[in-house]
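Asker: This is target05.pdb (PDB, N, CA and C atoms).
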```
ATOM      1  N   MET A   1     -31.527  19.880 -12.800
ATOM      2  CA  MET A   1     -31.002  21.218 -12.752
ATOM      3  C   MET A   1     -29.471  21.134 -12.898
ATOM      4  N   TRP A   2     -28.945  21.930 -13.798
ATOM      5  CA  TRP A   2     -27.491  21.977 -14.001
ATOM      6  C   TRP A   2     -26.877  22.954 -13.005
ATOM      7  N   VAL A   3     -25.822  22.512 -12.327
ATOM      8  CA  VAL A   3     -25.141  23.321 -11.327
ATOM      9  C   VAL A   3     -23.691  23.516 -11.750
ATOM     10  N   GLU A   4     -23.248  24.784 -11.774
ATOM     11  CA  GLU A   4     -21.850  25.065 -12.086
ATOM     12  C   GLU A   4     -21.000  24.646 -10.900
ATOM     13  N   ILE A   5     -19.960  23.850 -11.182
ATOM     14  CA  ILE A   5     -19.135  23.284 -10.115
ATOM     15  C   ILE A   5     -17.789  23.987  -9.986
ATOM     16  N   THR A   6     -17.041  24.057 -11.089
ATOM     17  CA  THR A   6     -15.676  24.566 -11.018
ATOM     18  C   THR A   6     -15.153  24.771 -12.434
ATOM     19  N   GLY A   7     -13.908  25.216 -12.538
ATOM     20  CA  GLY A   7     -13.243  25.293 -13.824
ATOM     21  C   GLY A   7     -12.647  23.948 -14.205
ATOM     22  N   VAL A   8     -12.581  23.680 -15.489
ATOM     23  CA  VAL A   8     -12.034  22.406 -15.971
ATOM     24  C   VAL A   8     -10.636  22.174 -15.409
ATOM     25  N   ASN A   9      -9.819  23.215 -15.392
ATOM     26  CA  ASN A   9      -8.434  23.055 -14.929
ATOM     27  C   ASN A   9      -8.320  22.818 -13.430
ATOM     28  N   GLN A  10      -9.415  23.009 -12.679
ATOM     29  CA  GLN A  10      -9.398  22.723 -11.241
ATOM     30  C   GLN A  10      -9.601  21.240 -10.960
ATOM     31  N   VAL A  11     -10.083  20.504 -11.960
ATOM     32  CA  VAL A  11     -10.277  19.055 -11.801
ATOM     33  C   VAL A  11      -8.957  18.389 -12.154
ATOM     34  N   PRO A  12      -8.317  17.726 -11.211
ATOM     35  CA  PRO A  12      -6.999  17.156 -11.484
ATOM     36  C   PRO A  12      -7.063  16.051 -12.538
ATOM     37  N   GLU A  13      -6.167  16.166 -13.515
ATOM     38  CA  GLU A  13      -6.105  15.122 -14.531
ATOM     39  C   GLU A  13      -5.589  13.848 -13.891
ATOM     40  N   TRP A  14      -6.327  12.762 -14.075
ATOM     41  CA  TRP A  14      -6.003  11.445 -13.528
ATOM     42  C   TRP A  14      -6.058  11.413 -12.009
ATOM     43  N   GLY A  15      -6.786  12.364 -11.417
ATOM     44  CA  GLY A  15      -7.002  12.381  -9.975
ATOM     45  C   GLY A  15      -8.468  12.653  -9.704
ATOM     46  N   VAL A  16      -8.814  12.979  -8.470
ATOM     47  CA  VAL A  16     -10.200  13.302  -8.154
ATOM     48  C   VAL A  16     -10.282  14.604  -7.364
ATOM     49  N   LEU A  17     -11.373  15.301  -7.568
ATOM     50  CA  LEU A  17     -11.693  16.506  -6.823
ATOM     51  C   LEU A  17     -13.001  16.245  -6.095
ATOM     52  N   LYS A  18     -12.988  16.400  -4.777
ATOM     53  CA  LYS A  18     -14.196  16.221  -3.976
ATOM     54  C   LYS A  18     -14.919  17.557  -3.892
ATOM     55  N   VAL A  19     -16.234  17.530  -4.143
ATOM     56  CA  VAL A  19     -17.067  18.721  -4.015
ATOM     57  C   VAL A  19     -18.370  18.318  -3.325
ATOM     58  N   LYS A  20     -19.042  19.301  -2.763
ATOM     59  CA  LYS A  20     -20.350  19.052  -2.154
ATOM     60  C   LYS A  20     -21.358  19.939  -2.880
ATOM     61  N   VAL A  21     -22.430  19.313  -3.389
ATOM     62  CA  VAL A  21     -23.455  20.030  -4.137
ATOM     63  C   VAL A  21     -24.818  19.609  -3.613
ATOM     64  N   GLU A  22     -25.619  20.600  -3.229
ATOM     65  CA  GLU A  22     -26.975  20.311  -2.749
ATOM     66  C   GLU A  22     -26.962  19.231  -1.663
ATOM     67  N   GLY A  23     -25.945  19.255  -0.793
ATOM     68  CA  GLY A  23     -25.860  18.300   0.302
ATOM     69  C   GLY A  23     -25.306  16.934  -0.072
ATOM     70  N   THR A  24     -24.909  16.764  -1.336
ATOM     71  CA  THR A  24     -24.386  15.478  -1.803
ATOM     72  C   THR A  24     -22.889  15.599  -2.064
ATOM     73  N   SER A  25     -22.114  14.677  -1.519
ATOM     74  CA  SER A  25     -20.674  14.643  -1.749
ATOM     75  C   SER A  25     -20.407  13.938  -3.082
ATOM     76  N   LEU A  26     -19.637  14.597  -3.945
ATOM     77  CA  LEU A  26     -19.325  14.079  -5.275
ATOM     78  C   LEU A  26     -17.823  14.069  -5.494
ATOM     79  N   ILE A  27     -17.383  13.255  -6.451
ATOM     80  CA  ILE A  27     -16.003  13.325  -6.924
ATOM     81  C   ILE A  27     -16.024  13.558  -8.431
ATOM     82  N   LEU A  28     -15.126  14.420  -8.877
ATOM     83  CA  LEU A  28     -14.938  14.686 -10.299
ATOM     84  C   LEU A  28     -13.588  14.141 -10.708
ATOM     85  N   ASN A  29     -13.505  13.653 -11.927
ATOM     86  CA  ASN A  29     -12.262  13.129 -12.487
ATOM     87  C   ASN A  29     -12.120  13.677 -13.884
ATOM     88  N   ARG A  30     -10.882  13.964 -14.284
ATOM     89  CA  ARG A  30     -10.620  14.434 -15.651
ATOM     90  C   ARG A  30      -9.551  13.558 -16.271
ATOM     91  N   GLN A  31      -9.858  13.074 -17.469
ATOM     92  CA  GLN A  31      -8.891  12.320 -18.268
ATOM     93  C   GLN A  31      -8.867  12.989 -19.636
ATOM     94  N   GLY A  32      -7.862  13.844 -19.843
ATOM     95  CA  GLY A  32      -7.815  14.640 -21.068
ATOM     96  C   GLY A  32      -8.936  15.659 -21.045
ATOM     97  N   VAL A  33      -9.811  15.642 -22.053
ATOM     98  CA  VAL A  33     -10.929  16.582 -22.104
ATOM     99  C   VAL A  33     -12.198  16.002 -21.495
ATOM    100  N   ASN A  34     -12.167  14.736 -21.097
ATOM    101  CA  ASN A  34     -13.346  14.080 -20.527
ATOM    102  C   ASN A  34     -13.397  14.248 -19.016
ATOM    103  N   VAL A  35     -14.533  14.723 -18.517
ATOM    104  CA  VAL A  35     -14.749  14.886 -17.078
ATOM    105  C   VAL A  35     -15.920  13.998 -16.688
ATOM    106  N   THR A  36     -15.735  13.225 -15.618
ATOM    107  CA  THR A  36     -16.807  12.384 -15.091
ATOM    108  C   THR A  36     -17.109  12.810 -13.662
ATOM    109  N   CYS A  37     -18.323  12.475 -13.210
ATOM    110  CA  CYS A  37     -18.748  12.818 -11.859
ATOM    111  C   CYS A  37     -19.488  11.634 -11.257
ATOM    112  N   TYR A  38     -19.146  11.316 -10.014
ATOM    113  CA  TYR A  38     -19.766  10.207  -9.298
ATOM    114  C   TYR A  38     -20.077  10.633  -7.871
ATOM    115  N   ARG A  39     -21.066   9.970  -7.272
ATOM    116  CA  ARG A  39     -21.319  10.167  -5.854
ATOM    117  C   ARG A  39     -20.112   9.629  -5.103
ATOM    118  N   ASN A  40     -19.691  10.335  -4.085
ATOM    119  CA  ASN A  40     -18.497   9.983  -3.316
ATOM    120  C   ASN A  40     -18.842   8.880  -2.320
ATOM    121  N   ALA A  41     -19.187   7.701  -2.863
ATOM    122  CA  ALA A  41     -19.569   6.588  -2.001
ATOM    123  C   ALA A  41     -19.266   5.271  -2.700
ATOM    124  N   CYS A  42     -18.498   4.437  -2.030
ATOM    125  CA  CYS A  42     -18.207   3.097  -2.518
ATOM    126  C   CYS A  42     -19.503   2.288  -2.539
ATOM    127  N   THR A  43     -19.661   1.437  -3.520
ATOM    128  CA  THR A  43     -20.875   0.616  -3.604
ATOM    129  C   THR A  43     -20.892  -0.474  -2.539
ATOM    130  N   HIS A  44     -19.754  -0.771  -1.964
ATOM    131  CA  HIS A  44     -19.659  -1.850  -0.979
ATOM    132  C   HIS A  44     -20.390  -1.492   0.312
ATOM    133  N   LEU A  45     -19.932  -0.451   1.007
ATOM    134  CA  LEU A  45     -20.558  -0.053   2.274
ATOM    135  C   LEU A  45     -20.858   1.441   2.337
ATOM    136  N   GLU A  46     -20.839   2.107   1.171
ATOM    137  CA  GLU A  46     -21.169   3.534   1.078
ATOM    138  C   GLU A  46     -20.137   4.458   1.730
ATOM    139  N   TYR A  47     -18.956   3.947   2.053
ATOM    140  CA  TYR A  47     -17.917   4.816   2.613
ATOM    141  C   TYR A  47     -17.393   5.739   1.516
ATOM    142  N   PRO A  48     -16.914   6.941   1.886
ATOM    143  CA  PRO A  48     -16.373   7.853   0.880
ATOM    144  C   PRO A  48     -15.102   7.284   0.249
ATOM    145  N   ILE A  49     -14.949   7.557  -1.031
ATOM    146  CA  ILE A  49     -13.776   7.020  -1.737
ATOM    147  C   ILE A  49     -12.803   8.104  -2.183
ATOM    148  N   ASP A  50     -13.078   9.368  -1.880
ATOM    149  CA  ASP A  50     -12.246  10.455  -2.378
ATOM    150  C   ASP A  50     -10.801  10.386  -1.911
ATOM    151  N   MET A  51     -10.537   9.741  -0.797
ATOM    152  CA  MET A  51      -9.156   9.634  -0.298
ATOM    153  C   MET A  51      -8.463   8.371  -0.799
ATOM    154  N   GLY A  52      -9.128   7.644  -1.689
ATOM    155  CA  GLY A  52      -8.546   6.427  -2.236
ATOM    156  C   GLY A  52      -7.407   6.722  -3.203
ATOM    157  N   LYS A  53      -6.571   5.738  -3.405
ATOM    158  CA  LYS A  53      -5.445   5.859  -4.330
ATOM    159  C   LYS A  53      -5.964   5.802  -5.760
ATOM    160  N   VAL A  54      -5.479   6.733  -6.594
ATOM    161  CA  VAL A  54      -5.826   6.741  -8.015
ATOM    162  C   VAL A  54      -4.585   6.370  -8.808
ATOM    163  N   SER A  55      -4.730   5.355  -9.661
ATOM    164  CA  SER A  55      -3.620   4.907 -10.501
ATOM    165  C   SER A  55      -4.178   4.339 -11.799
ATOM    166  N   SER A  56      -3.633   4.798 -12.908
ATOM    167  CA  SER A  56      -4.024   4.292 -14.231
ATOM    168  C   SER A  56      -5.533   4.347 -14.465
ATOM    169  N   GLY A  57      -6.170   5.431 -13.998
ATOM    170  CA  GLY A  57      -7.600   5.608 -14.231
ATOM    171  C   GLY A  57      -8.493   4.785 -13.331
ATOM    172  N   ILE A  58      -7.940   4.220 -12.271
ATOM    173  CA  ILE A  58      -8.706   3.394 -11.333
ATOM    174  C   ILE A  58      -8.542   3.974  -9.930
ATOM    175  N   ILE A  59      -9.671   4.112  -9.214
ATOM    176  CA  ILE A  59      -9.625   4.550  -7.820
ATOM    177  C   ILE A  59      -9.911   3.338  -6.935
ATOM    178  N   THR A  60      -9.125   3.228  -5.870
ATOM    179  CA  THR A  60      -9.271   2.122  -4.918
ATOM    180  C   THR A  60      -9.831   2.664  -3.613
ATOM    181  N   CYS A  61     -10.943   2.105  -3.166
ATOM    182  CA  CYS A  61     -11.546   2.520  -1.901
ATOM    183  C   CYS A  61     -10.531   2.309  -0.776
ATOM    184  N   PRO A  62     -10.296   3.341   0.052
ATOM    185  CA  PRO A  62      -9.288   3.210   1.104
ATOM    186  C   PRO A  62      -9.714   2.287   2.248
ATOM    187  N   PHE A  63     -10.967   1.888   2.289
ATOM    188  CA  PHE A  63     -11.455   1.082   3.404
ATOM    189  C   PHE A  63     -11.432  -0.419   3.122
ATOM    190  N   HIS A  64     -11.965  -0.836   1.975
ATOM    191  CA  HIS A  64     -12.067  -2.268   1.699
ATOM    192  C   HIS A  64     -11.508  -2.657   0.329
ATOM    193  N   LYS A  65     -10.801  -1.719  -0.303
ATOM    194  CA  LYS A  65     -10.032  -1.974  -1.526
ATOM    195  C   LYS A  65     -10.867  -2.284  -2.774
ATOM    196  N   TYR A  66     -12.159  -1.947  -2.761
ATOM    197  CA  TYR A  66     -12.922  -2.050  -4.007
ATOM    198  C   TYR A  66     -12.323  -1.075  -5.006
ATOM    199  N   GLN A  67     -12.273  -1.475  -6.277
ATOM    200  CA  GLN A  67     -11.665  -0.646  -7.315
ATOM    201  C   GLN A  67     -12.703  -0.291  -8.377
ATOM    202  N   TYR A  68     -12.612   0.967  -8.861
ATOM    203  CA  TYR A  68     -13.558   1.480  -9.848
ATOM    204  C   TYR A  68     -12.812   2.178 -10.975
ATOM    205  N   LYS A  69     -13.265   1.942 -12.197
ATOM    206  CA  LYS A  69     -12.730   2.661 -13.352
ATOM    207  C   LYS A  69     -13.340   4.058 -13.357
ATOM    208  N   LEU A  70     -12.507   5.070 -13.380
ATOM    209  CA  LEU A  70     -13.009   6.438 -13.306
ATOM    210  C   LEU A  70     -13.627   6.934 -14.611
ATOM    211  N   ASP A  71     -13.387   6.257 -15.716
ATOM    212  CA  ASP A  71     -14.030   6.692 -16.958
ATOM    213  C   ASP A  71     -15.449   6.152 -17.097
ATOM    214  N   THR A  72     -15.765   5.051 -16.413
ATOM    215  CA  THR A  72     -17.088   4.434 -16.523
ATOM    216  C   THR A  72     -17.801   4.267 -15.189
ATOM    217  N   GLY A  73     -17.056   4.272 -14.087
ATOM    218  CA  GLY A  73     -17.629   4.024 -12.772
ATOM    219  C   GLY A  73     -17.783   2.550 -12.440
ATOM    220  N   LYS A  74     -17.475   1.668 -13.383
ATOM    221  CA  LYS A  74     -17.645   0.229 -13.176
ATOM    222  C   LYS A  74     -16.700  -0.290 -12.092
ATOM    223  N   CYS A  75     -17.228  -1.202 -11.277
ATOM    224  CA  CYS A  75     -16.449  -1.819 -10.207
ATOM    225  C   CYS A  75     -15.706  -3.030 -10.753
ATOM    226  N   LEU A  76     -14.415  -3.130 -10.464
ATOM    227  CA  LEU A  76     -13.618  -4.261 -10.921
ATOM    228  C   LEU A  76     -13.787  -5.480 -10.024
ATOM    229  N   ASN A  77     -14.180  -5.270  -8.759
ATOM    230  CA  ASN A  77     -14.356  -6.372  -7.813
ATOM    231  C   ASN A  77     -15.725  -7.029  -7.937
ATOM    232  N   ALA A  78     -16.710  -6.247  -8.288
ATOM    233  CA  ALA A  78     -18.087  -6.733  -8.428
ATOM    234  C   ALA A  78     -18.639  -6.129  -9.719
ATOM    235  N   PRO A  79     -18.425  -6.804 -10.857
ATOM    236  CA  PRO A  79     -18.750  -6.228 -12.162
ATOM    237  C   PRO A  79     -20.200  -5.764 -12.345
ATOM    238  N   SER A  80     -21.122  -6.245 -11.529
ATOM    239  CA  SER A  80     -22.507  -5.787 -11.660
ATOM    240  C   SER A  80     -22.731  -4.455 -10.937
ATOM    241  N   ASP A  81     -21.732  -3.976 -10.181
ATOM    242  CA  ASP A  81     -21.835  -2.718  -9.448
ATOM    243  C   ASP A  81     -21.130  -1.596 -10.209
ATOM    244  N   ALA A  82     -21.583  -0.380  -9.946
ATOM    245  CA  ALA A  82     -20.940   0.808 -10.515
ATOM    246  C   ALA A  82     -21.216   1.988  -9.599
ATOM    247  N   LEU A  83     -20.297   2.939  -9.598
ATOM    248  CA  LEU A  83     -20.518   4.169  -8.846
ATOM    249  C   LEU A  83     -21.717   4.900  -9.432
ATOM    250  N   GLU A  84     -22.464   5.581  -8.574
ATOM    251  CA  GLU A  84     -23.604   6.375  -9.044
ATOM    252  C   GLU A  84     -23.063   7.586  -9.800
ATOM    253  N   SER A  85     -23.423   7.701 -11.069
ATOM    254  CA  SER A  85     -22.863   8.763 -11.901
ATOM    255  C   SER A  85     -23.846   9.911 -12.079
ATOM    256  N   TYR A  86     -23.293  11.076 -12.403
ATOM    257  CA  TYR A  86     -24.056  12.284 -12.667
ATOM    258  C   TYR A  86     -23.621  12.832 -14.024
ATOM    259  N   PRO A  87     -24.587  13.286 -14.845
ATOM    260  CA  PRO A  87     -24.232  13.876 -16.137
ATOM    261  C   PRO A  87     -23.372  15.125 -15.954
ATOM    262  N   VAL A  88     -22.400  15.278 -16.850
ATOM    263  CA  VAL A  88     -21.480  16.415 -16.830
ATOM    264  C   VAL A  88     -21.531  17.099 -18.187
ATOM    265  N   LYS A  89     -21.479  18.432 -18.171
ATOM    266  CA  LYS A  89     -21.300  19.174 -19.419
ATOM    267  C   LYS A  89     -20.264  20.260 -19.181
ATOM    268  N   ILE A  90     -19.551  20.571 -20.244
ATOM    269  CA  ILE A  90     -18.516  21.600 -20.202
ATOM    270  C   ILE A  90     -18.996  22.752 -21.083
ATOM    271  N   GLU A  91     -18.982  23.953 -20.537
ATOM    272  CA  GLU A  91     -19.294  25.156 -21.308
ATOM    273  C   GLU A  91     -18.127  26.105 -21.129
ATOM    274  N   GLY A  92     -17.417  26.361 -22.231
ATOM    275  CA  GLY A  92     -16.197  27.157 -22.133
ATOM    276  C   GLY A  92     -15.198  26.392 -21.299
ATOM    277  N   ASP A  93     -14.773  26.991 -20.185
ATOM    278  CA  ASP A  93     -13.846  26.294 -19.291
ATOM    279  C   ASP A  93     -14.517  25.931 -17.964
ATOM    280  N   ARG A  94     -15.857  25.922 -17.938
ATOM    281  CA  ARG A  94     -16.612  25.639 -16.714
ATOM    282  C   ARG A  94     -17.235  24.255 -16.766
ATOM    283  N   VAL A  95     -17.254  23.582 -15.603
ATOM    284  CA  VAL A  95     -17.835  22.246 -15.470
ATOM    285  C   VAL A  95     -19.188  22.368 -14.775
ATOM    286  N   PHE A  96     -20.214  21.753 -15.377
ATOM    287  CA  PHE A  96     -21.551  21.716 -14.808
ATOM    288  C   PHE A  96     -21.949  20.262 -14.581
ATOM    289  N   VAL A  97     -22.676  20.020 -13.484
ATOM    290  CA  VAL A  97     -23.176  18.692 -13.159
ATOM    291  C   VAL A  97     -24.691  18.778 -13.016
ATOM    292  N   GLU A  98     -25.386  17.777 -13.564
ATOM    293  CA  GLU A  98     -26.849  17.758 -13.445
ATOM    294  C   GLU A  98     -27.238  17.059 -12.142
ATOM    295  N   ILE A  99     -27.964  17.791 -11.310
ATOM    296  CA  ILE A  99     -28.400  17.303 -10.013
ATOM    297  C   ILE A  99     -29.927  17.254 -10.020
ATOM    298  N   ASP A 100     -30.505  16.138  -9.580
ATOM    299  CA  ASP A 100     -31.964  16.063  -9.457
ATOM    300  C   ASP A 100     -32.433  17.008  -8.370
ATOM    301  N   GLU A 101     -33.555  17.649  -8.615
ATOM    302  CA  GLU A 101     -34.112  18.564  -7.611
ATOM    303  C   GLU A 101     -34.881  17.805  -6.572
TER     304      GLU A 101
END
```
Would you write the structure of this file as structure tokens?
Answerer:
Amino acid sequence: MWVEITGVNQVPEWGVLKVKVEGTSLILNRQGVNVTCYRNACTHLEYPIDMGKVSSGIITCPFHKYQYKLDTGKCLNAPSDALESYPVKIEGDRVFVEIDE
């Protein structure tokens, strides 16, 4: 099911926006016209990463310093790990995320 989240301009470019959808905490990232969405949980111990430092398209978990590329979700510390991603679509200036029912 596609859920309308916010306007494209509300997603900070090169930053993250934390939202809660259907009881799930998510983070959105925008790099130019590309918007990505991930579950707000580090793969290491599932702690939230929304308060982590974002620099050069990489978010660093504030708890144990795991780093993730925001364009792919891939973990730089453990290359076999990645943030849980959600499909995103843009219609007009609105951002939608696909959430499993």
Asker: With a distance cut-off of 8 Å and only C-alpha atoms, select the neighbouring residues of region 26-33 of chain A, excluding the residue or stretch itself and same-chain residues fewer than 5 positions from it, and output the selection as a ChimeraX atom specification.
Answerer: /A:11-21,38-40,50,57,70-71
Asker: Could you state which residues are captured by the PyMOL selection byres ((chain A and resi 51) around 7) in this file, as a PyMOL selection string?
Answerer: chain A and resi 48-50+52-54+60-62
Asker: Between atom C of Glu91 (chain A) and atom C of Thr36 (chain A), what is the distance in Å, rounded to a tenth?
Answerer: 15.3 Å
Asker: Written as a count of residues only, which residues does the PyMOL selection byres ((chain A and resi 74-86) around 7) give for the file shown?
Answerer: 20
Asker: One decimal, Å: what's the distance from CA of His44 (chain A) over to atom C of Gly23 (chain A), could you say?
Answerer: 19.6 Å
Asker: Quick one: residues within 6.5 Å of Gly7 (chain A), all atoms listed in the file, excluding same-chain residues fewer than 5 positions away - as a list in words?
Answerer: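 Skipping anything fewer than 5 positions along the chain leaves Asp93, Arg94 and Val95 of chain A.
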Asker: Please report the interatomic distance between CA of Gly92 (chain A) and CA of Ser56 (chain A) in Å with one decimal.
Answerer: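 One can read the CA of Gly92 (chain A) to CA of Ser56 (chain A) distance as 27.1 Å.
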Asker: Please return, as a ChimeraX atom specification, all residues of chain A that DSSP assigns to strand (DSSP E) on the basis of the backbone.
Answerer: /A:2-7,16-21,24-31,34-39,53-55,58-60,67-69,85-86,88-91,94-98
Asker: In terms of the shortest atom-to-atom distance over all atoms listed in the file, which of A:Glu46, A:Ser25, A:Phe96, A:Lys65 is closest to Val3 (chain A)?
Answerer: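 Distance minimum relative to Val3 (chain A) lands on A:Phe96.
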Asker: Reconstruct region 74-88 of chain A at the level of N, CA, C and O atoms, and format the result as a tab-separated table (two decimals), keeping the file's coordinate frame.
Answerer:
```tsv
chain	number	residue	atom	x	y	z
A	74	LYS	N	-17.48	1.67	-13.38
A	74	LYS	CA	-17.64	0.23	-13.18
A	74	LYS	C	-16.70	-0.29	-12.09
A	74	LYS	O	-15.53	0.09	-12.02
A	75	CYS	N	-17.23	-1.20	-11.28
A	75	CYS	CA	-16.45	-1.82	-10.21
A	75	CYS	C	-15.71	-3.03	-10.75
A	75	CYS	O	-16.30	-3.88	-11.43
A	76	LEU	N	-14.42	-3.13	-10.46
A	76	LEU	CA	-13.62	-4.26	-10.92
A	76	LEU	C	-13.79	-5.48	-10.02
A	76	LEU	O	-13.59	-6.61	-10.46
A	77	ASN	N	-14.18	-5.27	-8.76
A	77	ASN	CA	-14.36	-6.37	-7.81
A	77	ASN	C	-15.72	-7.03	-7.94
A	77	ASN	O	-15.87	-8.21	-7.67
A	78	ALA	N	-16.71	-6.25	-8.29
A	78	ALA	CA	-18.09	-6.73	-8.43
A	78	ALA	C	-18.64	-6.13	-9.72
A	78	ALA	O	-19.22	-5.05	-9.71
A	79	PRO	N	-18.42	-6.80	-10.86
A	79	PRO	CA	-18.75	-6.23	-12.16
A	79	PRO	C	-20.20	-5.76	-12.34
A	79	PRO	O	-20.47	-4.94	-13.21
A	80	SER	N	-21.12	-6.24	-11.53
A	80	SER	CA	-22.51	-5.79	-11.66
A	80	SER	C	-22.73	-4.46	-10.94
A	80	SER	O	-23.80	-3.85	-11.07
A	81	ASP	N	-21.73	-3.98	-10.18
A	81	ASP	CA	-21.84	-2.72	-9.45
A	81	ASP	C	-21.13	-1.60	-10.21
A	81	ASP	O	-20.20	-1.84	-10.97
A	82	ALA	N	-21.58	-0.38	-9.95
A	82	ALA	CA	-20.94	0.81	-10.52
A	82	ALA	C	-21.22	1.99	-9.60
A	82	ALA	O	-22.24	2.03	-8.90
A	83	LEU	N	-20.30	2.94	-9.60
A	83	LEU	CA	-20.52	4.17	-8.85
A	83	LEU	C	-21.72	4.90	-9.43
A	83	LEU	O	-21.96	4.84	-10.64
A	84	GLU	N	-22.46	5.58	-8.57
A	84	GLU	CA	-23.60	6.38	-9.04
A	84	GLU	C	-23.06	7.59	-9.80
A	84	GLU	O	-22.31	8.39	-9.24
A	85	SER	N	-23.42	7.70	-11.07
A	85	SER	CA	-22.86	8.76	-11.90
A	85	SER	C	-23.85	9.91	-12.08
A	85	SER	O	-25.06	9.75	-11.92
A	86	TYR	N	-23.29	11.08	-12.40
A	86	TYR	CA	-24.06	12.28	-12.67
A	86	TYR	C	-23.62	12.83	-14.02
A	86	TYR	O	-22.42	12.86	-14.32
A	87	PRO	N	-24.59	13.29	-14.84
A	87	PRO	CA	-24.23	13.88	-16.14
A	87	PRO	C	-23.37	15.12	-15.95
A	87	PRO	O	-23.59	15.91	-15.02
A	88	VAL	N	-22.40	15.28	-16.85
A	88	VAL	CA	-21.48	16.42	-16.83
A	88	VAL	C	-21.53	17.10	-18.19
A	88	VAL	O	-21.62	16.44	-19.22
```
